[in-house]
Each structure stands twice: as C-alpha cells, then as structure tokens.
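Here is the structure we will look at, set down as structure tokens.
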Amino acid sequence: MLQIKPGFAVPLGFSRLEGSSALNEALRSLFLAREKEGPRWANPNPYTHRNKALYESHFDLFKWPDAPVQHLKAFCWNQLLELVGRLNGYQPGYLQGLRIGADAWFHITRRGGQFGIHNHPMASWSGVYCVAGGDHDEGRDDSGLLTFINPFIMTTMFVDAGTAQMQEPYSINSRSYRLEPGMLVMFPSWLLHEVKPFHGEGERITVAFNTWFYPPQGG
C-alpha cells in the first residue's frame, strides 16, 4: 500500500487569545497615543522596505511596564514555550528553565501600507499578534495578508500537470493568512514573509517579536 509522508516540513503555530477585546482596545489606545508623540517611539533605523502608511515602533516593546503590554507578553511567551516544548520534546522542568531573549515592536498600518519580503536574522522563533485587523475594502481578498514564501525554491524548477495542483502540505504556493484580533501566528525566524498592502479604512495594528533561547542555568 502506498504511503505518502512529508520529507521536510516548516512548523507554523496558531493560537487565539480568548476574550481579548478589552486588551486589544487598551493596546490600540496606547499605541495610537505613542504614535502621536512623533519620532520618540518610532524605529529610527528601519531596514525592511515599507512606506509612510506604516508606522514601526522601537524594538523594546515587551520591556514597557504598561499592564496591557505585559499581559500580551505573558500570553505570547506561554504559547511560544508550548510550541518549542512540543517540537523539541522538552520535559516541563527543562522547558520552564529556558531563558528567552527577545525584541518586540508594534506596527500601525493605514491604507496602502505594506511591509516587504524579509526574515529575522539572529533569532530562532518569531511571532505576530493581531490587535486590530482594520476594515478591508470589499472585494480585496489580498488586503493586508501575512504571506509566507515557500522556502522550497527548487519546486518551481519544472511545473507540469504532475505537480501543479499538489495539495497542502505539498503545494508549491506561498501561504497567506488574514489576521483577526486576538490571533497569534508563530514561525521560524528564517522563513521569508511579507505583509501585502492594506486596502481599507481604519488601522491594521499588530505586535511582532523575535526570540532566541538560552538553556537553563546549570543545565
């Protein structure tokens, strides 16, 4: 009997913070207020292609003492540790002893805002949490999509009827997701990705983080 198994795989983690409406509104208000203060909170040295319709903060967000930020950080770290533990087969004691290094920041994206293809060097796991999705224009299914580029670039060397319609997880296509408030997506930091232009009203607000891990002290 024929068996088909994935020879290689890229893990993506998905989670949702239940009852997040109040937290998201608090984060939204905080971020919009900080944006209004001008360059004080903005990333002074952006390197990934973006335009003026996207605001990016400093990378120290999870060091802010504000209660909504620390609430979100706790949720993200809880989900991230579960992901790392399950993928690596770590025992609970070892997992809880892991020390996390991190950068974190927020994006506010308005009509036309986008973020070019990039990955996150010097990190192992990254994540994106959706604070506000914005109001997308009708008929713009591509608006604001978080899109991961298929890393198996050699799959497009030759495409015919034998490969063109392969289904997930074997499809040669990229993977795209429209984020909703309370949704968290985690992925390997090396994986190339982008955010498609936002076509809509209001703000698309997200929090992103990069992480790297140190073994438990004395471990």
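Identifiers for the structure tokens are assigned positionally: chains receive A, B, ... in sequence, residues are indexed from 1 per chain, and ligands are indexed from 1 in the order shown.
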Wanna dump the region 82-139 of chain A-region 61-73 of chain A contacts at 9 Å for me, each residue with its shortest atom pair and the distance in Å to one decimal, counting only C-alpha atoms, ordered by chain and number, as a tab-separated table?
residue	atom	partner	partner_atom	distance
A:Ala102	CA	A:Phe62	CA	8.2
A:Asp103	CA	A:Phe62	CA	7.5
A:Ala104	CA	A:Leu61	CA	5.1
A:Trp105	CA	A:Leu61	CA	5.0
A:Phe106	CA	A:Leu61	CA	7.4
A:Tyr129	CA	A:Leu72	CA	8.8
Could you write those residues out with N, CA and C atoms, as a short mmCIF file (atom, residue, chain, number, x, y, z; two decimals), in the first residue's frame?
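As written to disk, again-v8.cif reads:
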data_model
loop_
_atom_site.label_atom_id
_atom_site.label_comp_id
_atom_site.auth_asym_id
_atom_site.auth_seq_id
_atom_site.Cartn_x
_atom_site.Cartn_y
_atom_site.Cartn_z
N ALA A 102 14.70 38.55 23.54
CA ALA A 102 13.65 38.96 22.61
C ALA A 102 13.76 40.42 22.20
N ASP A 103 13.27 40.68 21.00
CA ASP A 103 12.90 42.02 20.53
C ASP A 103 11.40 41.99 20.29
N ALA A 104 10.74 43.12 20.49
CA ALA A 104 9.30 43.19 20.21
C ALA A 104 8.94 44.62 19.82
N TRP A 105 7.96 44.78 18.97
CA TRP A 105 7.58 46.09 18.46
C TRP A 105 6.15 46.04 17.96
N PHE A 106 5.60 47.22 17.62
CA PHE A 106 4.26 47.24 17.03
C PHE A 106 4.27 47.98 15.70
N TYR A 129 1.07 39.08 16.56
CA TYR A 129 -0.23 39.10 17.24
C TYR A 129 -1.05 40.24 16.65
#
Extract, using only C-alpha atoms, all DNA, RNA and protein residues at most 10 Å from Gly182 (chain A), discarding same-chain residues fewer than 4 positions from it, and format them as a list in words.
Ser15, Arg16, Leu17, Glu18, Gly19, Ser20, Ser21, Leu23, Asn24, Leu72, Tyr129, Cys130, Val131, Ala132, Gly133 and Thr206 of chain A
For Pro39 (chain A): contacts at 12 Å, only C-alpha atoms, fewer than 5 positions along chain excluded, given as a PyMOL selection string:
chain A and resi 34+44-45+55-58
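Separating CA of Thr211 (chain A) from CA of Leu184 (chain A) is a distance of 14.7 Å.
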The residue from A:Lys196, A:Arg86, A:His120, A:Arg99 with the smallest atom-to-atom distance to Tyr47 (chain A), counting only C-alpha atoms, is A:His120
Tell me, as a PyMOL selection string, which residues lie within 9 Å of Pro188 (chain A), counting only C-alpha atoms; anything in the same chain fewer than 6 positions away does not count.
chain A and resi 10-12+120+123-127
Would you mind exporting N, CA and C atoms of the selected residues as a PDB file, in the first residue's frame?
ATOM      1  N   VAL A  10       7.875  22.742   7.577  1.00  0.00           N
ATOM      2  CA  VAL A  10       8.081  24.011   8.268  1.00  0.00           C
ATOM      3  C   VAL A  10       6.926  24.203   9.245  1.00  0.00           C
ATOM      4  N   PRO A  11       7.191  24.215  10.547  1.00  0.00           N
ATOM      5  CA  PRO A  11       6.095  24.345  11.515  1.00  0.00           C
ATOM      6  C   PRO A  11       5.618  25.791  11.650  1.00  0.00           C
ATOM      7  N   LEU A  12       4.321  25.977  11.607  1.00  0.00           N
ATOM      8  CA  LEU A  12       3.682  27.256  11.894  1.00  0.00           C
ATOM      9  C   LEU A  12       2.747  27.048  13.075  1.00  0.00           C
ATOM     10  N   HIS A 120      14.076  37.268   9.819  1.00  0.00           N
ATOM     11  CA  HIS A 120      14.581  37.866  11.054  1.00  0.00           C
ATOM     12  C   HIS A 120      15.880  37.194  11.481  1.00  0.00           C
ATOM     13  N   ALA A 123      17.694  35.158  15.208  1.00  0.00           N
ATOM     14  CA  ALA A 123      16.593  34.734  16.067  1.00  0.00           C
ATOM     15  C   ALA A 123      16.158  33.349  15.627  1.00  0.00           C
ATOM     16  N   SER A 124      15.482  32.632  16.516  1.00  0.00           N
ATOM     17  CA  SER A 124      15.019  31.285  16.166  1.00  0.00           C
ATOM     18  C   SER A 124      13.521  31.239  15.903  1.00  0.00           C
ATOM     19  N   TRP A 125      12.730  31.937  16.715  1.00  0.00           N
ATOM     20  CA  TRP A 125      11.280  31.944  16.542  1.00  0.00           C
ATOM     21  C   TRP A 125      10.755  33.369  16.553  1.00  0.00           C
ATOM     22  N   SER A 126       9.799  33.622  15.662  1.00  0.00           N
ATOM     23  CA  SER A 126       9.157  34.931  15.579  1.00  0.00           C
ATOM     24  C   SER A 126       7.648  34.759  15.671  1.00  0.00           C
ATOM     25  N   GLY A 127       6.973  35.855  15.958  1.00  0.00           N
ATOM     26  CA  GLY A 127       5.522  35.785  16.064  1.00  0.00           C
ATOM     27  C   GLY A 127       4.875  37.111  15.737  1.00  0.00           C
TER      28      GLY A 127
END
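Here CA of Thr109 (chain A) and CA of Glu203 (chain A) stand 5.5 Å from one another.
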What does the distance from CA of Asn43 (chain A) to CA of Arg140 (chain A) come to in Å, to one decimal?
29.4 Å
